[in-house]
Structure formats: structure tokens, C-alpha cells
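Here the structure is laid out as C-alpha cells; the discussion comes afterwards.
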Amino acid sequence: MLSIISGDDVKKLDAAFIKATGISSWDLMENAAKAFFAWYQSKFMGVMGKVFVFSGPGNNGGDGIAIARLLAESGKTVSVIFFQEKEFCSKDYTLNIEKLPSKVNLIHISDFNFEIDENDVVLDCIFGIGINRPLEGSYLEVIERLNKTQCHKVSIDIPSGIPSDEILQGKAFKADHTVTFQFPKLSLLFPEHSEFTGNIHVVDIGIPDFFIQNFHKDKFFLRREDIRKFHKKFNPFSHKGDFGRIMLIGGSVGKVGAMVLSSKAALRTGSGLVHVQIAESERFIMQTAVPEVMVAGAEEIKRLDVFDALGIGPGWGTEVDLSFYCSILKRYHKPLVIDADGLNLLSKKPENLKYVPKGSILTPHIREFQRLAGEVKDHKERLDKARSFALEHGVYLVLKGAFTSISTPNGEQYFNSSGNQYLATAGSGDVLTGMIASFLGQGYLPLNAAICGVFQHGLAGEMTALDKRRGVIASDIIDTIPATFVDLDIE
Ligand SMILES: NC(=O)C1=CN([C@@H]2O[C@H](COP(=O)(O)OP(=O)(O)OC[C@H]3O[C@@H](n4cnc5c(N)ncnc54)[C@H](O)[C@@H]3O)[C@@H](O)[C@H]2O)[C@@H](O)CC1
Ligand SMILES: [K+]
């Protein structure tokens, strides 16, 4: 898990790391340049064009000069386009200029002719996380011109113009890829910036995560290698009961498909027993579609304590009797999952939030969260609101979207790295509800259930998109859930 720290803290981190290890700031820049170079070799090997490195006056520009050297040494034709004479640039920038081989063309921006081919590569090293005001003057003109140029575009650390932790004011470089150092900067995860960041890649520059955690402890980026440790181990003596008995509640007339998807997803995630409570008239559809589920009668709804977890909301409709809903919330004393209409019904009467058992997992998408918690001006404010909502109500708030965030009752936020745009398909959220409820029913702590559910849902989306792309439907995601256990090597 990578800690996400603020731009201001990165400077303190660098200083502390340099002091503790005795390495120089130049060495750290060299690590960054080498990490980028390794990424470039793996991803851009086949791109034969020239490389244009646009270098600003700070350490982001310095990274660019060091990268230009490594690329030139590997045989690439490289030009560095600079804006400021070295006297006005950072110390490590200047040191790197002195090490630049003579075969690198060093061109002042005012002398550059912008003859860039489609196959060429532009590296954006104009500004990094040290940007402290909107772009203007020649920086703005150059970036606007580059944004209109057809070629491969890669931003180093962050697209120039975007601040590390805030929403962009004004213009920024539009990259196809952003290669960011050590951890993703918070602003790279904002939907407002997706047109600038392109694909985001995190490369390691050798600062151990425990070191970074000294500076910040409440925002984390979840990666594939982190997921195993959140999983529970089962053994050959485990029986059906160990895999949990869950109850899913929802499925009004015409919307029972949502429960078909949730219950199948729960079974594919490993639940031992899945009961559903749906509109009586839909019973036949349900049992035909998923013979493995048990359709609950009214008496089972009375005895909620026998279930290891509940999942409430998929396809429930908003005409549900609120006193029935509240009686479920009041009588169940363990964490449960609430999604879709289960959330919309809470938005109708927010005072009912007090009946939601502590540690429950709420899974709104952006619009559902807005109904629940009110309007926000941007994603930064939305994340702040998600954090305070989780703290105030003692719940885990899974805010769905690209880089789904999980806000916890103690103020932490976890950002997911798996998934793609193809998950935005009808029923995809119902699948996630089934998966999280399943893990919860298997005895996972709520945080672990949310993390494993969110990550594997995204991973299933990635795996199924390999041969289906925009043709992915929710049923494909369900079919791929078992393969995610294999892929992650989880028993
Ligand atoms: N630990 C890390 O993350 C490391 C970061 N490094 C790099 O260092 C970068 C940060 O370097 P800096 O702090 O020097 O910041 P920048 O390289 O972003 O540039 C800051 C400089 O630009 C000026 N400036 C800011 N906004 C401006 C604007 N709109 N117009 C004109 N001038 C403007 C500032 O006054 C300052 O001189 C990172 O983004 C990364 O690329 C690496 O070199 C090594 C280690
Ligand atoms: K940059």
C-alpha cells in the first residue's frame, strides 16, 4: 500500500530521507530519472521517433535533463527545450545540464521551431508538484501549442499546470501517460484531471513506504500486491458455514435482475449460502435464474440474526415501506452493505442513518452520494465530504468511480487502482454489492471486505475487457470473479 502525501510534505520527506541515508538530492533525482528510463524502455521500446524534453526551471525540469542524458546514452535522438538560463534554475537542474552529453541538442524555447512528428515523443518536464500559480506567458503558449500537436506525450510526475493536491485552475499539459514518482499525487485521482493525466503509472524511486508514512497516515493507494493480506485463509476442513450465510434484500417487480446479479456475484465470491428477499411475484424468475439461492419467506426476515451479513438495496425500488426498512436496520446488529435504492431511501429520510449498524459499508456512486450528502463543487470537496460522512456515521463509505475511494470511520481513505471504463455498465454496482456482502459474510472485517470487493471487481472488469472491451456486461464480470482469485493466487 502506498501512502499518498501532500506536495508540501514531499519536500520535507526528501530532506528527511537525504539526512537519514546520506544520499544527495542529485542522487534522488538520478533515481527518479532511472526509474522513468526503465519504464520508458518497457513501454516505448518500439517508438522510434525523436525525443523532445521540455524542461522547466525547477526539479521537474532537472528530472527532464537527467532523463535526456539516459535516453541519449541509449542511442535516442534527444533535444532539450529549456525556458530559463541555468542561473535561474534549481541546483540539481544545473548539475545535470553540466553532465549532458554534447549530442543532446540544447535549444532555448524562443529558438524552437516545433517541428514534431507523429512518431516523436514529447516529455513534459516543465512543472512538477512545485507549481504555485496558474500557467502564463511562454509556459502557457508552449503547453497550448503542444496540446494541439500530434505525437506521443508523457508527463513526468504530474502534467504541468496541475497542482499536487488541488483542482486545476487554468490550463495544463495533456498527456497520454503520466509517470509519477513513488506514489500517485492526490490530484491525479480527480476525475476533473482525467483528460490531462492519460494512463497513470507509479514508479519507485527508492524511498521506503515506512519512511513516507512518517509524514502522512490517512490516504493510501491500493495496488495488486497489497490485496492478499486482506484475505482470510480457508483450509480443507472449512465447511459451508465457514463461508457464510448471507441475505440479500431488494428486487422489486421489473428489477429482480439486480438481485440475480448480486446473488450470483456473492456465490462466485465464495458465499456458502445465499438467501434473497424479493417481491413475491418475482420468485419464479429468481429461482430459475439462480437455482443455488434460497428465496426467503417472511419468517426468515424476522430472524435476521442467523445471517452473517446482509446486502440491502439492489433493485429494491423507492416505494419500500420505510418502517420495514428501519426495522431491518434496527434488528440487525452486525455490519451490513447498503447500495442503490437502500441508499436512495436513506436520502429521503437522512435521520434513519442513525439506525445503520456501525461499521456498515455504504456503496454510493457519485450521484447517490450527492443525494445522501448534498452538492459539492468538485471532487476534492467530494472526498472531504466522504471522509467526514464516514467519520460522522461510523461507516465505511465506498465512493464508486475511477479510483473508487473507501473512507473509513477513523478518517482514512483508500484509493483503488484496478478497473477500467468498461465497468460502467448496467448491473455492475449490483455485482459489487454481492461481492462485498459475500466477503463480509465470510467473516472478513468490513474494511477488508470493502478492499477485496472493490479491487477484485475492478480486476474482473480488466480481465473480462481483454477480449470484450466495451461489450462487457455485468454477467461477464461475475463469470470472471473466480479467475481473479486464481490471478491473485488466493486459495
Ligand atoms: N521525492 C520526489 O518526489 C522527488 C521529486 N523530484 C521532482 O521534483 C519536482 C518538484 O520540484 P520543484 O519543487 O523544484 O518544483 P517544480 O519543478 O514544479 O518547479 C518549481 C519552480 O517553478 C516555479 N514556478 C511554479 N509555478 C510557476 C508558474 N506557474 N510559472 C512560472 N514559474 C513557476 C517556482 O517558483 C519554482 O522555481 C517533482 O515534481 C519531481 O518531478 C525528483 O527530482 C526527485 C525526488
Ligand atoms: K511535468
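Residue numbering restarts at 1 for every chain of the C-alpha cells, chains are lettered A, B, ... in their displayed order, and ligands are numbered from 1 as they appear.
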
Contacts with ligand 2 at most 7 Å, only C-alpha atoms and all ligand atoms counted, listed as a VMD selection string: chain A and resid 60 124 to 128 155 to 160

Those residues with C-alpha atoms, as a PDB file, in the first residue's frame please?
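Result went into part-v9.pdb, see below:
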```pdb
ATOM      1  CA  ASN A  60      10.857  18.610 -12.579  1.00  0.00           C
ATOM      2  CA  ASP A 124       6.625  17.199 -20.255  1.00  0.00           C
ATOM      3  CA  CYS A 125       9.071  18.222 -17.508  1.00  0.00           C
ATOM      4  CA  ILE A 126       8.019  21.871 -17.329  1.00  0.00           C
ATOM      5  CA  PHE A 127       6.486  21.895 -13.854  1.00  0.00           C
ATOM      6  CA  GLY A 128       6.037  19.223 -11.230  1.00  0.00           C
ATOM      7  CA  SER A 155       4.250  13.857 -18.316  1.00  0.00           C
ATOM      8  CA  ILE A 156       6.906  13.398 -15.688  1.00  0.00           C
ATOM      9  CA  ASP A 157       5.496  13.210 -12.133  1.00  0.00           C
ATOM     10  CA  ILE A 158       2.365  15.260 -12.950  1.00  0.00           C
ATOM     11  CA  PRO A 159       1.056  17.058 -16.048  1.00  0.00           C
ATOM     12  CA  SER A 160       2.497  20.576 -15.938  1.00  0.00           C
TER      13      SER A 160
END
```

Determine, using only C-alpha atoms and all ligand atoms, which residues of chain A have any atom at most 8 Å from an atom of ligand 1, and tabulate each with its shortest atom pair and distance in Å to one decimal place, rows ordered by chain and then rising number, as CSV.
```
residue,atom,partner,partner_atom_place_in_ligand_line,distance
A:Val10,CA,ligand 1,1 (N),5.7
A:Lys11,CA,ligand 1,1 (N),7.0
A:Leu13,CA,ligand 1,1 (N),6.9
A:Asp14,CA,ligand 1,1 (N),5.3
A:Ser25,CA,ligand 1,44 (C),7.2
A:Trp26,CA,ligand 1,43 (O),7.6
A:Leu28,CA,ligand 1,44 (C),5.0
A:Met29,CA,ligand 1,43 (O),3.9
A:Glu30,CA,ligand 1,44 (C),7.4
A:Asn31,CA,ligand 1,44 (C),7.3
A:Ala32,CA,ligand 1,44 (C),5.5
A:Ala33,CA,ligand 1,43 (O),7.8
A:Gly56,CA,ligand 1,17 (O),6.5
A:Pro57,CA,ligand 1,21 (C),5.6
A:Gly58,CA,ligand 1,17 (O),3.5
A:Asn59,CA,ligand 1,14 (O),3.7
A:Asn60,CA,ligand 1,41 (O),3.6
A:Gly61,CA,ligand 1,17 (O),5.6
A:Gly62,CA,ligand 1,43 (O),6.4
A:Asp63,CA,ligand 1,43 (O),5.2
A:Cys89,CA,ligand 1,37 (O),6.9
A:Ser90,CA,ligand 1,14 (O),6.5
A:Cys125,CA,ligand 1,41 (O),7.2
A:Ile126,CA,ligand 1,17 (O),6.8
A:Phe127,CA,ligand 1,18 (O),3.8
A:Gly128,CA,ligand 1,39 (O),3.2
A:Ile129,CA,ligand 1,39 (O),4.2
A:Gly130,CA,ligand 1,15 (O),3.2
A:Ile131,CA,ligand 1,26 (N),3.5
A:Asn132,CA,ligand 1,26 (N),4.2
A:Arg133,CA,ligand 1,29 (N),4.4
A:Pro134,CA,ligand 1,29 (N),4.8
A:Leu135,CA,ligand 1,29 (N),4.2
A:Glu136,CA,ligand 1,30 (N),6.3
A:Tyr139,CA,ligand 1,30 (N),6.9
A:Ile156,CA,ligand 1,41 (O),6.1
A:Asp157,CA,ligand 1,41 (O),5.0
A:Ile158,CA,ligand 1,39 (O),6.6
A:Ser160,CA,ligand 1,18 (O),7.7
A:Gly161,CA,ligand 1,29 (N),6.9
A:Thr180,CA,ligand 1,41 (O),7.9
A:Phe181,CA,ligand 1,3 (O),5.5
A:Gln182,CA,ligand 1,3 (O),6.5
A:Ile205,CA,ligand 1,45 (C),7.4
A:Ile207,CA,ligand 1,1 (N),7.8
```

Grab the residues selected above and save them as a short mmCIF file (atom, residue, chain, number, x, y, z; two decimals), in the first residue's frame with C-alpha atoms.
```
data_model
loop_
_atom_site.label_atom_id
_atom_site.label_comp_id
_atom_site.auth_asym_id
_atom_site.auth_seq_id
_atom_site.Cartn_x
_atom_site.Cartn_y
_atom_site.Cartn_z
CA VAL A 10 7.24 15.76 -0.35
CA LYS A 11 9.92 18.43 0.21
CA LEU A 13 10.22 13.85 3.02
CA ASP A 14 13.10 14.39 0.58
CA SER A 25 19.38 15.33 -3.66
CA TRP A 26 21.09 14.80 -7.01
CA LEU A 28 17.44 11.12 -5.61
CA MET A 29 16.85 12.90 -8.91
CA GLU A 30 19.04 10.31 -10.60
CA ASN A 31 16.91 7.52 -9.05
CA ALA A 32 13.82 9.24 -10.44
CA ALA A 33 15.39 9.57 -13.89
CA GLY A 56 11.12 23.96 -16.71
CA PRO A 57 13.26 25.75 -14.13
CA GLY A 58 12.69 23.54 -11.08
CA ASN A 59 13.48 19.95 -10.17
CA ASN A 60 10.86 18.61 -12.58
CA GLY A 61 12.96 20.27 -15.29
CA GLY A 62 16.04 18.76 -13.65
CA ASP A 63 14.47 15.29 -13.90
CA CYS A 89 17.20 27.17 -12.26
CA SER A 90 17.41 24.68 -9.39
CA CYS A 125 9.07 18.22 -17.51
CA ILE A 126 8.02 21.87 -17.33
CA PHE A 127 6.49 21.89 -13.85
CA GLY A 128 6.04 19.22 -11.23
CA ILE A 129 4.47 19.48 -7.82
CA GLY A 130 6.20 22.81 -7.21
CA ILE A 131 3.69 24.71 -9.40
CA ASN A 132 2.35 27.56 -7.32
CA ARG A 133 0.22 29.62 -9.73
CA PRO A 134 -1.68 29.14 -12.99
CA LEU A 135 0.35 28.90 -16.19
CA GLU A 136 1.00 32.13 -18.06
CA TYR A 139 4.78 28.40 -20.48
CA ILE A 156 6.91 13.40 -15.69
CA ASP A 157 5.50 13.21 -12.13
CA ILE A 158 2.36 15.26 -12.95
CA SER A 160 2.50 20.58 -15.94
CA GLY A 161 -0.05 23.04 -14.61
CA THR A 180 4.60 9.66 -11.29
CA PHE A 181 7.28 9.15 -8.67
CA GLN A 182 6.83 6.92 -5.62
CA ILE A 205 12.47 5.92 -6.66
CA ILE A 207 12.12 5.79 -0.69
#
```

Contact residues around stretch 237-247 of chain A with only C-alpha atoms at 10 Å, ignoring same-chain residues under 6 positions, as a VMD selection string: chain A and resid 263 266 to 267 269 to 277 293 to 296 300 to 301 304 306 to 312 336 434 437 to 443

DSSP-assigned helix (DSSP H, G or I) members of stretch 84-324 of chain A, reported as a VMD selection string: chain A and resid 86 to 88 91 to 98 109 to 111 137 to 148 186 to 189 191 to 197 209 to 213 224 to 230 240 to 243 256 to 269 280 to 289 298 to 302 304 to 306 322 to 324

Could you dump the residues just selected with C-alpha atoms as a JSON list (two decimals), in the first residue's frame?
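Saved the output as part22.json:
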```json
[["chain", "number", "residue", "atom", "x", "y", "z"],
["A", 86, "LYS", "CA", 20.67, 27.81, -15.70],
["A", 87, "GLU", "CA", 21.49, 30.65, -13.26],
["A", 88, "PHE", "CA", 17.74, 30.90, -12.61],
["A", 91, "LYS", "CA", 20.80, 23.41, -8.18],
["A", 92, "ASP", "CA", 20.28, 19.85, -9.42],
["A", 93, "TYR", "CA", 18.98, 21.12, -12.77],
["A", 94, "THR", "CA", 22.28, 22.99, -13.21],
["A", 95, "LEU", "CA", 24.35, 19.94, -12.19],
["A", 96, "ASN", "CA", 22.50, 17.84, -14.74],
["A", 97, "ILE", "CA", 22.98, 20.41, -17.51],
["A", 98, "GLU", "CA", 26.73, 20.12, -16.90],
["A", 109, "ILE", "CA", 12.30, 27.88, -26.31],
["A", 110, "SER", "CA", 12.46, 31.09, -28.35],
["A", 111, "ASP", "CA", 14.61, 29.26, -30.96],
["A", 137, "GLY", "CA", 3.32, 33.70, -20.66],
["A", 138, "SER", "CA", 5.57, 31.42, -22.70],
["A", 139, "TYR", "CA", 4.78, 28.40, -20.48],
["A", 140, "LEU", "CA", 1.10, 28.70, -21.29],
["A", 141, "GLU", "CA", 1.71, 29.33, -25.02],
["A", 142, "VAL", "CA", 4.02, 26.32, -25.33],
["A", 143, "ILE", "CA", 1.69, 23.98, -23.47],
["A", 144, "GLU", "CA", -1.29, 25.06, -25.55],
["A", 145, "ARG", "CA", 0.72, 24.50, -28.72],
["A", 146, "LEU", "CA", 1.92, 21.07, -27.56],
["A", 147, "ASN", "CA", -1.66, 20.10, -26.68],
["A", 148, "LYS", "CA", -2.55, 20.62, -30.35],
["A", 186, "LEU", "CA", -3.82, 13.11, -4.90],
["A", 187, "SER", "CA", -4.89, 15.36, -7.78],
["A", 188, "LEU", "CA", -4.05, 12.62, -10.33],
["A", 189, "LEU", "CA", -7.04, 10.72, -8.91],
["A", 191, "PRO", "CA", -12.00, 12.91, -12.46],
["A", 192, "GLU", "CA", -11.59, 16.60, -13.40],
["A", 193, "HIS", "CA", -8.00, 15.82, -14.41],
["A", 194, "SER", "CA", -8.52, 12.65, -16.43],
["A", 195, "GLU", "CA", -8.22, 14.49, -19.76],
["A", 196, "PHE", "CA", -4.74, 15.62, -18.71],
["A", 197, "THR", "CA", -3.25, 12.60, -16.97],
["A", 209, "ASP", "CA", 6.96, 3.41, 2.33],
["A", 210, "PHE", "CA", 7.52, 3.29, 6.12],
["A", 211, "PHE", "CA", 9.56, 6.45, 5.66],
["A", 212, "ILE", "CA", 6.73, 8.12, 3.79],
["A", 213, "GLN", "CA", 4.23, 7.08, 6.46],
["A", 224, "ARG", "CA", -2.37, -5.52, -6.67],
["A", 225, "GLU", "CA", 0.42, -6.72, -4.38],
["A", 226, "ASP", "CA", -1.43, -5.37, -1.31],
["A", 227, "ILE", "CA", -4.61, -7.42, -1.73],
["A", 228, "ARG", "CA", -3.50, -10.84, -0.50],
["A", 229, "LYS", "CA", -3.00, -9.70, 3.06],
["A", 230, "PHE", "CA", -6.62, -8.54, 3.36],
["A", 240, "LYS", "CA", -20.30, -24.38, 4.14],
["A", 241, "GLY", "CA", -20.99, -22.48, 7.35],
["A", 242, "ASP", "CA", -17.45, -21.03, 7.39],
["A", 243, "PHE", "CA", -18.09, -19.45, 4.01],
["A", 256, "VAL", "CA", -35.28, -8.52, -9.93],
["A", 257, "GLY", "CA", -32.36, -8.75, -12.37],
["A", 258, "ALA", "CA", -30.34, -6.64, -9.93],
["A", 259, "MET", "CA", -30.77, -9.38, -7.31],
["A", 260, "VAL", "CA", -29.96, -12.09, -9.82],
["A", 261, "LEU", "CA", -26.64, -10.32, -10.42],
["A", 262, "SER", "CA", -25.89, -9.62, -6.73],
["A", 263, "SER", "CA", -26.67, -13.14, -5.61],
["A", 264, "LYS", "CA", -24.68, -14.78, -8.41],
["A", 265, "ALA", "CA", -21.75, -12.47, -7.65],
["A", 266, "ALA", "CA", -21.93, -13.43, -3.96],
["A", 267, "LEU", "CA", -21.89, -17.14, -4.85],
["A", 268, "ARG", "CA", -18.96, -16.65, -7.23],
["A", 269, "THR", "CA", -17.13, -14.73, -4.48],
["A", 280, "GLU", "CA", -43.09, -12.46, -4.00],
["A", 281, "SER", "CA", -44.23, -12.29, -7.66],
["A", 282, "GLU", "CA", -40.57, -12.43, -8.85],
["A", 283, "ARG", "CA", -39.75, -15.68, -7.02],
["A", 284, "PHE", "CA", -40.02, -17.85, -10.15],
["A", 285, "ILE", "CA", -37.64, -15.67, -12.17],
["A", 286, "MET", "CA", -35.14, -15.67, -9.33],
["A", 287, "GLN", "CA", -35.14, -19.41, -8.74],
["A", 288, "THR", "CA", -34.92, -20.14, -12.44],
["A", 289, "ALA", "CA", -32.07, -17.71, -12.98],
["A", 298, "ALA", "CA", -41.42, -13.55, 5.70],
["A", 299, "GLU", "CA", -40.35, -15.63, 8.75],
["A", 300, "GLU", "CA", -36.69, -15.53, 7.70],
["A", 301, "ILE", "CA", -36.83, -11.75, 7.53],
["A", 302, "LYS", "CA", -37.98, -11.94, 11.17],
["A", 304, "LEU", "CA", -32.11, -11.74, 10.85],
["A", 305, "ASP", "CA", -29.54, -12.78, 13.46],
["A", 306, "VAL", "CA", -28.89, -16.10, 11.67],
["A", 322, "LEU", "CA", -39.62, 2.92, 5.39],
["A", 323, "SER", "CA", -40.76, 1.41, 8.69],
["A", 324, "PHE", "CA", -39.99, -2.07, 7.29]]
```

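With distances restricted to only C-alpha atoms, A:Val51 is the closest residue to A:Ile116 from A:Leu459, A:Leu488, A:Ile81, A:Val51.
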
Residues near A:Phe369, cut-off 10 Å, only C-alpha atoms, skip fewer than 2 positions along chain, as a ChimeraX atom specification: /A:343-344,347,362-367,371-375,382,385-386,389,397-400

Dump N, CA and C atoms for the selected residues as a PDB file, in the first residue's frame?
```
ATOM      1  N   LEU A 343     -29.724   3.142  -0.449  1.00  0.00           N
ATOM      2  CA  LEU A 343     -29.143   4.466  -0.166  1.00  0.00           C
ATOM      3  C   LEU A 343     -30.149   5.566  -0.498  1.00  0.00           C
ATOM      4  N   ASN A 344     -30.853   5.406  -1.641  1.00  0.00           N
ATOM      5  CA  ASN A 344     -31.823   6.436  -2.027  1.00  0.00           C
ATOM      6  C   ASN A 344     -32.904   6.594  -0.968  1.00  0.00           C
ATOM      7  N   SER A 347     -31.555   8.664   1.696  1.00  0.00           N
ATOM      8  CA  SER A 347     -31.501  10.083   1.301  1.00  0.00           C
ATOM      9  C   SER A 347     -32.856  10.744   1.509  1.00  0.00           C
ATOM     10  N   LEU A 362     -21.391   1.407   2.930  1.00  0.00           N
ATOM     11  CA  LEU A 362     -22.325   2.068   2.013  1.00  0.00           C
ATOM     12  C   LEU A 362     -21.600   2.266   0.684  1.00  0.00           C
ATOM     13  N   THR A 363     -22.254   1.927  -0.419  1.00  0.00           N
ATOM     14  CA  THR A 363     -21.538   1.937  -1.709  1.00  0.00           C
ATOM     15  C   THR A 363     -22.196   2.851  -2.754  1.00  0.00           C
ATOM     16  N   PRO A 364     -22.254   4.159  -2.501  1.00  0.00           N
ATOM     17  CA  PRO A 364     -22.883   5.041  -3.489  1.00  0.00           C
ATOM     18  C   PRO A 364     -21.980   5.334  -4.687  1.00  0.00           C
ATOM     19  N   HIS A 365     -22.599   5.548  -5.865  1.00  0.00           N
ATOM     20  CA  HIS A 365     -21.835   6.203  -6.921  1.00  0.00           C
ATOM     21  C   HIS A 365     -21.985   7.704  -6.688  1.00  0.00           C
ATOM     22  N   ILE A 366     -21.363   8.501  -7.554  1.00  0.00           N
ATOM     23  CA  ILE A 366     -21.270   9.936  -7.273  1.00  0.00           C
ATOM     24  C   ILE A 366     -22.649  10.579  -7.084  1.00  0.00           C
ATOM     25  N   ARG A 367     -23.623  10.222  -7.939  1.00  0.00           N
ATOM     26  CA  ARG A 367     -24.957  10.851  -7.817  1.00  0.00           C
ATOM     27  C   ARG A 367     -25.681  10.399  -6.551  1.00  0.00           C
ATOM     28  N   ARG A 371     -27.015  12.750  -3.433  1.00  0.00           N
ATOM     29  CA  ARG A 371     -28.347  12.711  -2.819  1.00  0.00           C
ATOM     30  C   ARG A 371     -28.241  12.529  -1.313  1.00  0.00           C
ATOM     31  N   LEU A 372     -27.263  11.748  -0.920  1.00  0.00           N
ATOM     32  CA  LEU A 372     -27.100  11.413   0.504  1.00  0.00           C
ATOM     33  C   LEU A 372     -26.472  12.560   1.301  1.00  0.00           C
ATOM     34  N   ALA A 373     -25.492  13.224   0.691  1.00  0.00           N
ATOM     35  CA  ALA A 373     -24.692  14.171   1.477  1.00  0.00           C
ATOM     36  C   ALA A 373     -24.735  15.598   0.946  1.00  0.00           C
ATOM     37  N   GLY A 374     -25.403  15.834  -0.186  1.00  0.00           N
ATOM     38  CA  GLY A 374     -25.523  17.199  -0.708  1.00  0.00           C
ATOM     39  C   GLY A 374     -24.543  17.499  -1.825  1.00  0.00           C
ATOM     40  N   GLU A 375     -24.761  18.671  -2.455  1.00  0.00           N
ATOM     41  CA  GLU A 375     -23.956  19.121  -3.601  1.00  0.00           C
ATOM     42  C   GLU A 375     -22.514  19.412  -3.181  1.00  0.00           C
ATOM     43  N   ARG A 382     -15.724  16.605  -2.646  1.00  0.00           N
ATOM     44  CA  ARG A 382     -16.486  15.341  -2.506  1.00  0.00           C
ATOM     45  C   ARG A 382     -15.730  14.362  -1.601  1.00  0.00           C
ATOM     46  N   LYS A 385     -15.937  15.414   1.901  1.00  0.00           N
ATOM     47  CA  LYS A 385     -17.275  15.120   2.418  1.00  0.00           C
ATOM     48  C   LYS A 385     -17.436  13.630   2.719  1.00  0.00           C
ATOM     49  N   ALA A 386     -16.878  12.802   1.846  1.00  0.00           N
ATOM     50  CA  ALA A 386     -16.955  11.345   2.058  1.00  0.00           C
ATOM     51  C   ALA A 386     -16.247  10.984   3.365  1.00  0.00           C
ATOM     52  N   PHE A 389     -18.385  12.153   6.254  1.00  0.00           N
ATOM     53  CA  PHE A 389     -19.594  11.328   6.344  1.00  0.00           C
ATOM     54  C   PHE A 389     -19.274  10.007   7.059  1.00  0.00           C
ATOM     55  N   LEU A 397     -17.471   4.209   3.681  1.00  0.00           N
ATOM     56  CA  LEU A 397     -18.147   4.777   2.526  1.00  0.00           C
ATOM     57  C   LEU A 397     -17.337   4.479   1.257  1.00  0.00           C
ATOM     58  N   VAL A 398     -17.900   3.628   0.421  1.00  0.00           N
ATOM     59  CA  VAL A 398     -17.236   3.259  -0.834  1.00  0.00           C
ATOM     60  C   VAL A 398     -17.812   4.165  -1.923  1.00  0.00           C
ATOM     61  N   LEU A 399     -17.011   5.155  -2.342  1.00  0.00           N
ATOM     62  CA  LEU A 399     -17.476   6.098  -3.359  1.00  0.00           C
ATOM     63  C   LEU A 399     -17.005   5.577  -4.712  1.00  0.00           C
ATOM     64  N   LYS A 400     -17.991   5.103  -5.517  1.00  0.00           N
ATOM     65  CA  LYS A 400     -17.636   4.367  -6.729  1.00  0.00           C
ATOM     66  C   LYS A 400     -17.307   5.297  -7.892  1.00  0.00           C
TER      67      LYS A 400
END
```

Residue list (strand (DSSP E), DSSP) for stretch 77-271 of chain A, as a VMD selection string: chain A and resid 78 to 82 105 to 108 121 to 125 152 to 156 177 to 181 199 to 203 219 to 221 245 to 249
